[in-house]
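Novice: If it helps, the file is called coords-v4.pdb and holds PDB, C-alpha atoms, pLDDT in the B column:
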```pdb
ATOM      1  CA  MET A   7    -172.341  74.118 -96.797  1.00 34.00           C
ATOM      2  CA  VAL A   8    -175.954  74.989 -97.545  1.00 37.00           C
ATOM      3  CA  PRO A   9    -178.819  74.867 -94.995  1.00 38.00           C
ATOM      4  CA  ILE A  10    -181.615  72.379 -95.611  1.00 34.00           C
ATOM      5  CA  PRO A  11    -184.976  73.405 -94.045  1.00 38.00           C
ATOM      6  CA  LEU A  12    -186.063  71.526 -90.937  1.00 37.00           C
ATOM      7  CA  GLY A  13    -189.570  70.305 -90.270  1.00 41.00           C
ATOM      8  CA  PRO A  14    -191.907  67.756 -91.922  1.00 49.00           C
ATOM      9  CA  ASP A  15    -190.312  66.727 -95.197  1.00 70.00           C
ATOM     10  CA  ASP A  16    -191.807  64.526 -97.868  1.00 86.00           C
ATOM     11  CA  SER A  17    -188.748  64.385-100.104  1.00 91.00           C
ATOM     12  CA  CYS A  18    -188.530  60.605 -99.682  1.00 94.00           C
ATOM     13  CA  LEU A  19    -191.999  60.316-101.247  1.00 93.00           C
ATOM     14  CA  ASP A  20    -191.006  62.637-104.081  1.00 92.00           C
ATOM     15  CA  PHE A  21    -187.983  60.401-104.639  1.00 95.00           C
ATOM     16  CA  VAL A  22    -189.799  57.055-104.846  1.00 96.00           C
ATOM     17  CA  ASN A  23    -192.508  58.663-106.984  1.00 94.00           C
ATOM     18  CA  THR A  24    -190.002  59.513-109.712  1.00 95.00           C
ATOM     19  CA  ARG A  25    -191.061  56.193-111.258  1.00 96.00           C
ATOM     20  CA  TYR A  26    -194.542  56.658-112.725  1.00 93.00           C
ATOM     21  CA  TRP A  27    -197.244  54.055-113.352  1.00 93.00           C
ATOM     22  CA  ARG A  28    -195.476  51.272-111.486  1.00 94.00           C
ATOM     23  CA  GLY A  29    -198.392  48.907-112.001  1.00 93.00           C
ATOM     24  CA  ARG A  30    -198.185  49.002-115.789  1.00 93.00           C
ATOM     25  CA  THR A  31    -196.216  46.602-117.959  1.00 95.00           C
ATOM     26  CA  ALA A  32    -193.902  49.459-118.958  1.00 94.00           C
ATOM     27  CA  PRO A  33    -193.603  52.018-116.109  1.00 95.00           C
ATOM     28  CA  THR A  34    -192.332  55.515-116.883  1.00 95.00           C
ATOM     29  CA  GLU A  35    -188.803  56.147-115.605  1.00 97.00           C
ATOM     30  CA  THR A  36    -187.980  59.820-115.055  1.00 96.00           C
ATOM     31  CA  LEU A  37    -184.458  59.125-113.761  1.00 96.00           C
ATOM     32  CA  GLY A  38    -183.331  57.222-116.826  1.00 94.00           C
ATOM     33  CA  GLY A  39    -179.753  58.460-116.646  1.00 90.00           C
ATOM     34  CA  MET A  40    -177.372  60.014-114.166  1.00 89.00           C
ATOM     35  CA  GLN A  41    -177.891  63.503-115.554  1.00 90.00           C
ATOM     36  CA  GLU A  42    -181.658  63.232-114.976  1.00 94.00           C
ATOM     37  CA  ALA A  43    -180.965  61.970-111.460  1.00 93.00           C
ATOM     38  CA  LEU A  44    -178.592  64.850-110.734  1.00 91.00           C
ATOM     39  CA  ASP A  45    -181.117  67.343-112.103  1.00 93.00           C
ATOM     40  CA  TRP A  46    -183.759  65.917-109.744  1.00 94.00           C
ATOM     41  CA  CYS A  47    -181.373  66.035-106.769  1.00 91.00           C
ATOM     42  CA  ALA A  48    -180.610  69.675-107.542  1.00 89.00           C
ATOM     43  CA  GLY A  49    -184.240  70.624-106.856  1.00 86.00           C
ATOM     44  CA  PRO A  50    -185.008  72.866-103.833  1.00 79.00           C
ATOM     45  CA  GLY A  51    -184.428  71.144-100.487  1.00 73.00           C
ATOM     46  CA  ARG A  52    -183.636  67.746-101.988  1.00 82.00           C
ATOM     47  CA  ALA A  53    -179.866  67.527-101.631  1.00 82.00           C
ATOM     48  CA  PRO A  54    -176.846  69.559-100.516  1.00 79.00           C
ATOM     49  CA  PRO A  55    -175.721  71.435-103.665  1.00 80.00           C
ATOM     50  CA  ALA A  56    -172.053  70.832-102.837  1.00 79.00           C
ATOM     51  CA  ALA A  57    -172.621  67.080-102.733  1.00 82.00           C
ATOM     52  CA  VAL A  58    -174.549  67.158-106.019  1.00 85.00           C
ATOM     53  CA  ALA A  59    -171.711  69.078-107.668  1.00 85.00           C
ATOM     54  CA  ALA A  60    -169.078  66.696-106.284  1.00 82.00           C
ATOM     55  CA  LEU A  61    -170.946  63.616-107.497  1.00 82.00           C
ATOM     56  CA  ALA A  62    -171.467  65.227-110.903  1.00 84.00           C
ATOM     57  CA  ARG A  63    -167.727  65.872-111.211  1.00 82.00           C
ATOM     58  CA  LEU A  64    -166.937  62.289-110.202  1.00 77.00           C
ATOM     59  CA  TRP A  65    -169.401  60.871-112.723  1.00 77.00           C
ATOM     60  CA  GLN A  66    -168.279  63.152-115.534  1.00 78.00           C
ATOM     61  CA  ALA A  67    -164.599  62.393-114.868  1.00 73.00           C
ATOM     62  CA  ALA A  68    -165.052  58.675-115.561  1.00 68.00           C
ATOM     63  CA  PRO A  69    -163.641  57.814-119.007  1.00 66.00           C
ATOM     64  CA  GLU A  70    -166.244  57.376-121.726  1.00 62.00           C
ATOM     65  CA  GLY A  71    -164.950  53.867-122.365  1.00 53.00           C
ATOM     66  CA  GLU A  72    -165.592  52.783-118.784  1.00 58.00           C
ATOM     67  CA  MET A  73    -169.348  52.632-119.045  1.00 64.00           C
ATOM     68  CA  ALA A  74    -169.607  50.272-116.081  1.00 71.00           C
ATOM     69  CA  ALA A  75    -167.887  52.812-113.850  1.00 63.00           C
ATOM     70  CA  ARG A  76    -170.029  55.651-115.169  1.00 66.00           C
ATOM     71  CA  ALA A  77    -173.204  53.622-114.640  1.00 76.00           C
ATOM     72  CA  ALA A  78    -172.327  52.527-111.100  1.00 83.00           C
ATOM     73  CA  ALA A  79    -173.509  55.721-109.394  1.00 84.00           C
ATOM     74  CA  HIS A  80    -176.775  55.749-111.325  1.00 89.00           C
ATOM     75  CA  GLY A  81    -177.388  52.067-110.621  1.00 92.00           C
ATOM     76  CA  SER A  82    -176.749  52.624-106.922  1.00 92.00           C
ATOM     77  CA  LEU A  83    -179.218  55.508-106.824  1.00 94.00           C
ATOM     78  CA  ILE A  84    -181.955  53.510-108.578  1.00 97.00           C
ATOM     79  CA  ALA A  85    -181.381  50.454-106.369  1.00 97.00           C
ATOM     80  CA  LEU A  86    -181.696  52.639-103.275  1.00 98.00           C
ATOM     81  CA  ARG A  87    -184.889  54.217-104.599  1.00 98.00           C
ATOM     82  CA  GLU A  88    -186.485  50.840-105.266  1.00 98.00           C
ATOM     83  CA  ALA A  89    -185.515  49.469-101.850  1.00 98.00           C
ATOM     84  CA  LEU A  90    -186.977  52.582-100.235  1.00 98.00           C
ATOM     85  CA  PHE A  91    -190.165  52.264-102.269  1.00 98.00           C
ATOM     86  CA  ARG A  92    -190.642  48.692-101.056  1.00 98.00           C
ATOM     87  CA  LEU A  93    -190.010  49.742 -97.444  1.00 98.00           C
ATOM     88  CA  LEU A  94    -192.601  52.523 -97.658  1.00 98.00           C
ATOM     89  CA  ALA A  95    -195.130  50.335 -99.485  1.00 97.00           C
ATOM     90  CA  ALA A  96    -194.746  47.618 -96.855  1.00 98.00           C
ATOM     91  CA  ALA A  97    -195.250  50.156 -94.063  1.00 97.00           C
ATOM     92  CA  ALA A  98    -198.338  51.575 -95.783  1.00 96.00           C
ATOM     93  CA  GLY A  99    -199.756  48.060 -96.059  1.00 95.00           C
ATOM     94  CA  GLY A 100    -199.034  47.203 -92.433  1.00 94.00           C
ATOM     95  CA  GLN A 101    -196.430  44.628 -93.432  1.00 95.00           C
ATOM     96  CA  GLY A 102    -192.917  43.992 -92.209  1.00 94.00           C
ATOM     97  CA  ALA A 103    -189.903  45.152 -94.166  1.00 94.00           C
ATOM     98  CA  ALA A 104    -187.819  42.782 -96.260  1.00 97.00           C
ATOM     99  CA  ALA A 105    -184.448  42.326 -94.572  1.00 98.00           C
ATOM    100  CA  ALA A 106    -182.564  42.995 -97.814  1.00 98.00           C
ATOM    101  CA  ASP A 107    -184.375  46.300 -98.403  1.00 98.00           C
ATOM    102  CA  LEU A 108    -183.785  47.454 -94.840  1.00 98.00           C
ATOM    103  CA  ALA A 109    -180.102  46.559 -95.171  1.00 98.00           C
ATOM    104  CA  VAL A 110    -179.766  48.629 -98.365  1.00 98.00           C
ATOM    105  CA  PHE A 111    -181.446  51.590 -96.688  1.00 98.00           C
ATOM    106  CA  ASN A 112    -179.461  51.360 -93.459  1.00 98.00           C
ATOM    107  CA  ARG A 113    -176.190  51.118 -95.352  1.00 97.00           C
ATOM    108  CA  ALA A 114    -177.015  54.317 -97.234  1.00 96.00           C
ATOM    109  CA  LEU A 115    -178.244  56.024 -94.060  1.00 95.00           C
ATOM    110  CA  GLY A 116    -174.937  55.206 -92.398  1.00 93.00           C
ATOM    111  CA  GLU A 117    -173.095  56.914 -95.271  1.00 91.00           C
ATOM    112  CA  ALA A 118    -175.321  60.007 -95.293  1.00 89.00           C
ATOM    113  CA  ALA A 119    -174.063  63.386 -94.152  1.00 84.00           C
ATOM    114  CA  PRO A 120    -174.507  63.627 -90.359  1.00 84.00           C
ATOM    115  CA  ARG A 121    -176.935  66.040 -88.730  1.00 82.00           C
ATOM    116  CA  ARG A 122    -174.487  67.654 -86.335  1.00 81.00           C
ATOM    117  CA  ARG A 123    -174.924  71.415 -86.529  1.00 82.00           C
ATOM    118  CA  LEU A 124    -177.770  73.895 -86.672  1.00 84.00           C
ATOM    119  CA  ALA A 125    -177.544  77.194 -88.504  1.00 80.00           C
ATOM    120  CA  GLU A 126    -179.857  80.189 -88.473  1.00 80.00           C
ATOM    121  CA  ALA A 127    -181.889  80.483 -91.662  1.00 72.00           C
ATOM    122  CA  GLY A 128    -183.840  83.722 -91.531  1.00 76.00           C
ATOM    123  CA  ASP A 129    -186.267  83.497 -88.625  1.00 80.00           C
ATOM    124  CA  ALA A 130    -185.892  79.712 -88.346  1.00 77.00           C
ATOM    125  CA  TYR A 131    -183.159  77.077 -88.120  1.00 78.00           C
ATOM    126  CA  ALA A 132    -181.777  74.574 -90.596  1.00 74.00           C
ATOM    127  CA  TRP A 133    -179.243  71.789 -90.720  1.00 75.00           C
ATOM    128  CA  ASP A 134    -175.771  72.943 -91.718  1.00 75.00           C
ATOM    129  CA  LEU A 135    -174.449  70.175 -93.953  1.00 73.00           C
ATOM    130  CA  ASP A 136    -170.867  69.356 -94.769  1.00 68.00           C
ATOM    131  CA  PRO A 137    -170.932  66.097 -96.759  1.00 62.00           C
ATOM    132  CA  ALA A 138    -167.565  64.399 -96.534  1.00 59.00           C
ATOM    133  CA  THR A 139    -167.781  62.286 -99.681  1.00 66.00           C
ATOM    134  CA  ALA A 140    -169.075  62.507-103.232  1.00 71.00           C
ATOM    135  CA  SER A 141    -171.467  59.580-102.983  1.00 82.00           C
ATOM    136  CA  VAL A 142    -175.087  58.798-103.725  1.00 88.00           C
ATOM    137  CA  ALA A 143    -175.800  58.579 -99.991  1.00 89.00           C
ATOM    138  CA  ALA A 144    -174.249  62.001 -99.357  1.00 86.00           C
ATOM    139  CA  VAL A 145    -176.303  63.546-102.148  1.00 88.00           C
ATOM    140  CA  LEU A 146    -179.500  61.940-100.885  1.00 92.00           C
ATOM    141  CA  SER A 147    -178.908  62.751 -97.204  1.00 90.00           C
ATOM    142  CA  PRO A 148    -182.114  64.827 -96.748  1.00 88.00           C
ATOM    143  CA  VAL A 149    -184.126  62.146 -98.585  1.00 93.00           C
ATOM    144  CA  LEU A 150    -182.717  59.440 -96.319  1.00 95.00           C
ATOM    145  CA  TRP A 151    -183.451  61.482 -93.179  1.00 92.00           C
ATOM    146  CA  SER A 152    -186.954  62.095 -94.473  1.00 93.00           C
ATOM    147  CA  ALA A 153    -187.547  58.365 -94.889  1.00 96.00           C
ATOM    148  CA  ALA A 154    -186.052  57.453 -91.514  1.00 96.00           C
ATOM    149  CA  ASP A 155    -188.079  60.120 -89.701  1.00 93.00           C
ATOM    150  CA  LEU A 156    -191.249  59.031 -91.490  1.00 95.00           C
ATOM    151  CA  LEU A 157    -190.824  55.303 -90.839  1.00 96.00           C
ATOM    152  CA  ALA A 158    -189.825  55.798 -87.192  1.00 95.00           C
ATOM    153  CA  GLY A 159    -192.303  58.575 -86.403  1.00 93.00           C
ATOM    154  CA  ARG A 160    -196.000  59.138 -85.806  1.00 91.00           C
ATOM    155  CA  ARG A 161    -196.675  60.131 -89.401  1.00 92.00           C
ATOM    156  CA  ARG A 162    -196.044  56.550 -90.480  1.00 94.00           C
ATOM    157  CA  GLY A 163    -199.710  55.889 -89.713  1.00 94.00           C
ATOM    158  CA  HIS A 164    -200.656  58.401 -92.421  1.00 92.00           C
ATOM    159  CA  LEU A 165    -198.585  56.690 -95.108  1.00 95.00           C
ATOM    160  CA  ARG A 166    -200.679  55.439 -98.028  1.00 94.00           C
ATOM    161  CA  GLN A 167    -200.274  53.931-101.477  1.00 95.00           C
ATOM    162  CA  CYS A 168    -202.546  55.076-104.295  1.00 93.00           C
ATOM    163  CA  ALA A 169    -205.487  52.702-104.760  1.00 92.00           C
ATOM    164  CA  ASN A 170    -205.102  52.873-108.529  1.00 92.00           C
ATOM    165  CA  PRO A 171    -203.296  49.568-109.268  1.00 92.00           C
ATOM    166  CA  GLU A 172    -201.567  51.157-112.249  1.00 92.00           C
ATOM    167  CA  CYS A 173    -200.253  54.104-110.236  1.00 91.00           C
ATOM    168  CA  ARG A 174    -199.014  52.889-106.820  1.00 93.00           C
ATOM    169  CA  TRP A 175    -197.596  56.296-105.887  1.00 92.00           C
ATOM    170  CA  MET A 176    -196.909  56.875-102.187  1.00 93.00           C
ATOM    171  CA  PHE A 177    -198.477  59.779-100.285  1.00 92.00           C
ATOM    172  CA  LEU A 178    -199.374  60.984 -96.793  1.00 91.00           C
ATOM    173  CA  ASP A 179    -203.050  61.087 -95.890  1.00 90.00           C
ATOM    174  CA  ASP A 180    -203.592  64.258 -93.862  1.00 85.00           C
ATOM    175  CA  SER A 181    -207.344  64.337 -94.453  1.00 84.00           C
ATOM    176  CA  LYS A 182    -209.666  64.681 -91.451  1.00 86.00           C
ATOM    177  CA  SER A 183    -211.397  61.396 -92.246  1.00 83.00           C
ATOM    178  CA  GLY A 184    -208.152  59.527 -92.783  1.00 85.00           C
ATOM    179  CA  ASN A 185    -209.602  57.547 -95.679  1.00 88.00           C
ATOM    180  CA  ARG A 186    -208.011  59.196 -98.694  1.00 88.00           C
ATOM    181  CA  ARG A 187    -207.418  56.580-101.408  1.00 89.00           C
ATOM    182  CA  TRP A 188    -205.871  58.424-104.330  1.00 87.00           C
ATOM    183  CA  CYS A 189    -202.564  60.203-104.832  1.00 86.00           C
ATOM    184  CA  THR A 190    -204.607  63.061-106.345  1.00 82.00           C
ATOM    185  CA  MET A 191    -208.267  63.383-107.251  1.00 73.00           C
ATOM    186  CA  SER A 192    -207.346  65.235-110.445  1.00 72.00           C
ATOM    187  CA  ALA A 193    -205.470  62.197-111.704  1.00 68.00           C
ATOM    188  CA  CYS A 194    -206.276  58.782-110.276  1.00 85.00           C
ATOM    189  CA  GLY A 195    -209.431  59.809-108.411  1.00 59.00           C
ATOM    190  CA  ASN A 196    -211.121  61.081-111.553  1.00 63.00           C
ATOM    191  CA  ARG A 197    -209.929  58.049-113.510  1.00 58.00           C
ATOM    192  CA  ALA A 198    -211.629  55.782-110.980  1.00 42.00           C
ATOM    193  CA  LYS A 199    -214.850  57.814-111.069  1.00 49.00           C
ATOM    194  CA  ALA A 200    -214.895  57.720-114.863  1.00 46.00           C
ATOM    195  CA  ARG A 201    -214.345  53.963-114.895  1.00 47.00           C
ATOM    196  CA  ARG A 202    -217.130  53.355-112.348  1.00 46.00           C
ATOM    197  CA  HIS A 203    -219.484  55.447-114.475  1.00 33.00           C
ATOM    198  CA  TYR A 204    -218.495  53.526-117.612  1.00 34.00           C
ATOM    199  CA  LEU A 205    -219.074  50.157-115.943  1.00 35.00           C
ATOM    200  CA  LYS A 206    -222.431  51.298-114.561  1.00 38.00           C
ATOM    201  CA  VAL A 207    -223.643  52.466-117.978  1.00 37.00           C
ATOM    202  CA  LYS A 208    -222.368  49.275-119.584  1.00 37.00           C
ATOM    203  CA  ALA A 209    -224.178  47.112-117.022  1.00 39.00           C
ATOM    204  CA  GLU A 210    -227.436  49.027-117.552  1.00 40.00           C
ATOM    205  CA  LYS A 211    -227.197  48.522-121.322  1.00 45.00           C
ATOM    206  CA  GLU A 212    -226.592  44.807-120.867  1.00 48.00           C
ATOM    207  CA  VAL A 213    -229.732  44.547-118.722  1.00 50.00           C
ATOM    208  CA  LEU A 214    -231.784  46.307-121.423  1.00 48.00           C
ATOM    209  CA  PHE A 215    -230.578  43.973-124.144  1.00 53.00           C
TER     210      PHE A 215
END
```
What is this file in structure tokens?
Specialist:
Amino acid sequence: MVPIPLGPDDSCLDFVNTRYWRGRTAPTETLGGMQEALDWCAGPGRAPPAAVAALARLWQAAPEGEMAARAAAHGSLIALREALFRLLAAAAGGQGAAAADLAVFNRALGEAAPRRRLAEAGDAYAWDLDPATASVAAVLSPVLWSAADLLAGRRRGHLRQCANPECRWMFLDDSKSGNRRWCTMSACGNRAKARRHYLKVKAEKEVLF
């Protein structure tokens, strides 16, 4: 059992943003295999280490010839991520959730490790997790809590999707003005500024000629 920090947690956004450039013909998939997915889950605060280790053992124990069985856990994780992305994108756009996506999420949430006990963690408190099963839902318990707390809480109103149609990353707008449009200025914000400048210069040249 390993404590997971309490408090505002954006791990659900980190999770759905593991697919880059969603608006492009060929998006970039960073969780292309189960090992990549397990490596991501093993990051700080993302998943109970014991659950990650148990799922890794289960996946690695599947015979090499049973590719369908070995791929099942990875497919389940990706399907959950995509359903969660659509739920968050719908919320950011002020739209209702698709029933199928909500069902996928709720099924996983029901299988997640329960939040039953608190443990001291230095000068603060943390959840003391004891996942009962080696499953995708158990591994992603903190991610699922993060999403549920975000969608059901006040911070839902700060949920945004990057205005770059090629990006579509999810983020929380904590700016004072509340009108942040880009996931980051260093990436999509600067791209948009550069494109506006290019179009302006192009239009001026067309007027001259």
Novice: Quick one: everything within 8 Å of Ala169 of chain A, counting all atoms listed in the file, minus sequence neighbours fewer than 3 positions away in the same chain. Send it as JSON, numbers by chain.
Specialist: {"A": [173, 174, 187, 188]}
Novice: Do you have the atom CA of Ala118 of chain A-atom CA of Ile84 of chain A distance handy?
Specialist: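 Distance reported for this atom pair: 16.2 Å.
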Novice: Written as a list in words, which residues does the PyMOL selection byres ((chain A and resi 156) around 10) give for the file shown?
Specialist: Pro14, Asp15, Asp16, Cys18, Leu19, Leu94, Leu150, Trp151, Ser152, Ala153, Ala154, Asp155, Leu157, Ala158, Gly159, Arg160, Arg161, Arg162, Gly163, His164, Leu165 and Leu178 of chain A
Novice: Output C-alpha atoms for every residue in the selection just made, as a PDB file, keeping the file's coordinate frame.
Specialist:
```pdb
ATOM      1  CA  PRO A  14    -191.907  67.756 -91.922  1.00 49.00           C
ATOM      2  CA  ASP A  15    -190.312  66.727 -95.197  1.00 70.00           C
ATOM      3  CA  ASP A  16    -191.807  64.526 -97.868  1.00 86.00           C
ATOM      4  CA  CYS A  18    -188.530  60.605 -99.682  1.00 94.00           C
ATOM      5  CA  LEU A  19    -191.999  60.316-101.247  1.00 93.00           C
ATOM      6  CA  LEU A  94    -192.601  52.523 -97.658  1.00 98.00           C
ATOM      7  CA  LEU A 150    -182.717  59.440 -96.319  1.00 95.00           C
ATOM      8  CA  TRP A 151    -183.451  61.482 -93.179  1.00 92.00           C
ATOM      9  CA  SER A 152    -186.954  62.095 -94.473  1.00 93.00           C
ATOM     10  CA  ALA A 153    -187.547  58.365 -94.889  1.00 96.00           C
ATOM     11  CA  ALA A 154    -186.052  57.453 -91.514  1.00 96.00           C
ATOM     12  CA  ASP A 155    -188.079  60.120 -89.701  1.00 93.00           C
ATOM     13  CA  LEU A 157    -190.824  55.303 -90.839  1.00 96.00           C
ATOM     14  CA  ALA A 158    -189.825  55.798 -87.192  1.00 95.00           C
ATOM     15  CA  GLY A 159    -192.303  58.575 -86.403  1.00 93.00           C
ATOM     16  CA  ARG A 160    -196.000  59.138 -85.806  1.00 91.00           C
ATOM     17  CA  ARG A 161    -196.675  60.131 -89.401  1.00 92.00           C
ATOM     18  CA  ARG A 162    -196.044  56.550 -90.480  1.00 94.00           C
ATOM     19  CA  GLY A 163    -199.710  55.889 -89.713  1.00 94.00           C
ATOM     20  CA  HIS A 164    -200.656  58.401 -92.421  1.00 92.00           C
ATOM     21  CA  LEU A 165    -198.585  56.690 -95.108  1.00 95.00           C
ATOM     22  CA  LEU A 178    -199.374  60.984 -96.793  1.00 91.00           C
TER      23      LEU A 178
END
```
Novice: So how many Å separate atom CA of Leu37 of chain A and atom CA of His80 of chain A, to one decimal?
Specialist: 8.7 Å
Novice: List as a ChimeraX atom specification the protein and nucleic acid residues near Leu146 of chain A, meaning an atom at most 8 Å away when all atoms listed in the file are counted, but skip any in the same chain fewer than 6 places from it.
Specialist: /A:47,52-53,118
Novice: Considering only C-alpha atoms, state which residue in the set A:Ser192, A:Arg166, A:Phe21, A:Leu61 is at the smallest distance from Ala97 of chain A.
Specialist: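 Of A:Ser192, A:Arg166, A:Phe21, A:Leu61, the one nearest Ala97 of chain A, counting only C-alpha atoms, is A:Arg166.
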Novice: Quick one: residues within 7 Å of segment 98-110 of chain A, all atoms listed in the file, excluding same-chain residues fewer than 3 positions away - as a list in words?
Specialist: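 Using all atoms listed in the file, the neighbours found are Leu86, Ala89, Leu93, Leu94, Ala95, Arg113, Ala114, Leu165, Arg166 and Gln167 of chain A.
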Novice: In Å to one decimal, how far is atom CA of Leu64 of chain A from atom CA of Gly39 of chain A?
Specialist: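 We find that atom CA of Gly39 of chain A and atom CA of Leu64 of chain A lie 14.8 Å from each other.
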Novice: Name the closest residue to Val145 of chain A among the candidates A:Val58, A:Ala48, A:Ala43, A:Ala32; distances are taken between atoms, counting all atoms listed in the file.
Specialist: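 Of the candidates, the smallest distance to Val145 of chain A is held by A:Val58.
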Novice: May I have the residues at most 7 Å from (-175.7, 69.2, -88.5) in the file's coordinates, counting all atoms listed in the file, as a list in words?
Specialist: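 All residues meeting the 7 Å criterion around (-175.7, 69.2, -88.5) are Pro120, Arg121, Arg122, Arg123, Leu124, Trp133, Asp134 and Leu135 of chain A.
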Novice: Using only C-alpha atoms, can you tell me which of A:Pro33, A:Pro148, A:Gly81, A:Gly38 comes closest to Pro50 of chain A?
Specialist: A:Pro148
Novice: Evaluate the PyMOL selection byres ((chain A and resi 27) around 10) and record the selected residues as a PyMOL selection string, following the chain and residue labels used in the document.
Specialist: chain A and resi 23-26+28-35+170-175
Novice: Given the choices A:Phe91, A:Phe111, A:Trp65, A:Tyr131, which gets closest to Val22 of chain A if the distance is worked out from all atoms listed in the file?
Specialist: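 The closest residue to Val22 of chain A is A:Phe91.
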Novice: Please complete segment 49-69 of chain A so it has N, CA and C atoms, and hand it over as a PDB file, in the coordinates of the input.
Specialist:
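Written out: selection34.pdb:
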```pdb
ATOM      1  N   GLY A  49    -183.020  69.894-107.173  1.00 86.00           N
ATOM      2  CA  GLY A  49    -184.240  70.624-106.856  1.00 86.00           C
ATOM      3  C   GLY A  49    -184.201  71.183-105.444  1.00 86.00           C
ATOM      4  N   PRO A  50    -185.017  72.203-105.144  1.00 79.00           N
ATOM      5  CA  PRO A  50    -185.008  72.866-103.833  1.00 79.00           C
ATOM      6  C   PRO A  50    -185.209  71.896-102.674  1.00 79.00           C
ATOM      7  N   GLY A  51    -184.288  71.917-101.709  1.00 73.00           N
ATOM      8  CA  GLY A  51    -184.428  71.144-100.487  1.00 73.00           C
ATOM      9  C   GLY A  51    -184.183  69.662-100.616  1.00 73.00           C
ATOM     10  N   ARG A  52    -183.780  69.188-101.798  1.00 82.00           N
ATOM     11  CA  ARG A  52    -183.636  67.746-101.988  1.00 82.00           C
ATOM     12  C   ARG A  52    -182.256  67.220-101.631  1.00 82.00           C
ATOM     13  N   ALA A  53    -181.227  68.003-101.862  1.00 82.00           N
ATOM     14  CA  ALA A  53    -179.866  67.527-101.631  1.00 82.00           C
ATOM     15  C   ALA A  53    -178.932  68.706-101.430  1.00 82.00           C
ATOM     16  N   PRO A  54    -177.840  68.495-100.675  1.00 79.00           N
ATOM     17  CA  PRO A  54    -176.846  69.559-100.516  1.00 79.00           C
ATOM     18  C   PRO A  54    -176.205  69.873-101.871  1.00 79.00           C
ATOM     19  N   PRO A  55    -176.287  71.099-102.353  1.00 80.00           N
ATOM     20  CA  PRO A  55    -175.721  71.435-103.665  1.00 80.00           C
ATOM     21  C   PRO A  55    -174.257  71.050-103.823  1.00 80.00           C
ATOM     22  N   ALA A  56    -173.472  71.179-102.749  1.00 79.00           N
ATOM     23  CA  ALA A  56    -172.053  70.832-102.837  1.00 79.00           C
ATOM     24  C   ALA A  56    -171.869  69.350-103.116  1.00 79.00           C
ATOM     25  N   ALA A  57    -172.714  68.520-102.513  1.00 82.00           N
ATOM     26  CA  ALA A  57    -172.621  67.080-102.733  1.00 82.00           C
ATOM     27  C   ALA A  57    -173.055  66.720-104.146  1.00 82.00           C
ATOM     28  N   VAL A  58    -174.098  67.395-104.642  1.00 85.00           N
ATOM     29  CA  VAL A  58    -174.549  67.158-106.019  1.00 85.00           C
ATOM     30  C   VAL A  58    -173.434  67.503-106.996  1.00 85.00           C
ATOM     31  N   ALA A  59    -172.792  68.645-106.781  1.00 85.00           N
ATOM     32  CA  ALA A  59    -171.711  69.078-107.668  1.00 85.00           C
ATOM     33  C   ALA A  59    -170.533  68.114-107.618  1.00 85.00           C
ATOM     34  N   ALA A  60    -170.205  67.620-106.427  1.00 82.00           N
ATOM     35  CA  ALA A  60    -169.078  66.696-106.284  1.00 82.00           C
ATOM     36  C   ALA A  60    -169.361  65.374-106.985  1.00 82.00           C
ATOM     37  N   LEU A  61    -170.590  64.869-106.833  1.00 82.00           N
ATOM     38  CA  LEU A  61    -170.946  63.616-107.497  1.00 82.00           C
ATOM     39  C   LEU A  61    -170.974  63.801-109.009  1.00 82.00           C
ATOM     40  N   ALA A  62    -171.441  64.947-109.464  1.00 84.00           N
ATOM     41  CA  ALA A  62    -171.467  65.227-110.903  1.00 84.00           C
ATOM     42  C   ALA A  62    -170.050  65.236-111.469  1.00 84.00           C
ATOM     43  N   ARG A  63    -169.119  65.841-110.744  1.00 82.00           N
ATOM     44  CA  ARG A  63    -167.727  65.872-111.211  1.00 82.00           C
ATOM     45  C   ARG A  63    -167.137  64.470-111.265  1.00 82.00           C
ATOM     46  N   LEU A  64    -167.449  63.657-110.251  1.00 77.00           N
ATOM     47  CA  LEU A  64    -166.937  62.289-110.202  1.00 77.00           C
ATOM     48  C   LEU A  64    -167.479  61.472-111.365  1.00 77.00           C
ATOM     49  N   TRP A  65    -168.764  61.618-111.637  1.00 77.00           N
ATOM     50  CA  TRP A  65    -169.401  60.871-112.723  1.00 77.00           C
ATOM     51  C   TRP A  65    -168.871  61.327-114.074  1.00 77.00           C
ATOM     52  N   GLN A  66    -168.737  62.626-114.250  1.00 78.00           N
ATOM     53  CA  GLN A  66    -168.279  63.152-115.534  1.00 78.00           C
ATOM     54  C   GLN A  66    -166.800  62.866-115.782  1.00 78.00           C
ATOM     55  N   ALA A  67    -166.030  62.648-114.714  1.00 73.00           N
ATOM     56  CA  ALA A  67    -164.599  62.393-114.868  1.00 73.00           C
ATOM     57  C   ALA A  67    -164.307  60.967-115.312  1.00 73.00           C
ATOM     58  N   ALA A  68    -165.276  60.062-115.151  1.00 68.00           N
ATOM     59  CA  ALA A  68    -165.052  58.675-115.561  1.00 68.00           C
ATOM     60  C   ALA A  68    -164.874  58.616-117.070  1.00 68.00           C
ATOM     61  N   PRO A  69    -163.872  57.899-117.561  1.00 66.00           N
ATOM     62  CA  PRO A  69    -163.641  57.814-119.007  1.00 66.00           C
ATOM     63  C   PRO A  69    -164.858  57.281-119.741  1.00 66.00           C
TER      64      PRO A  69
END
```
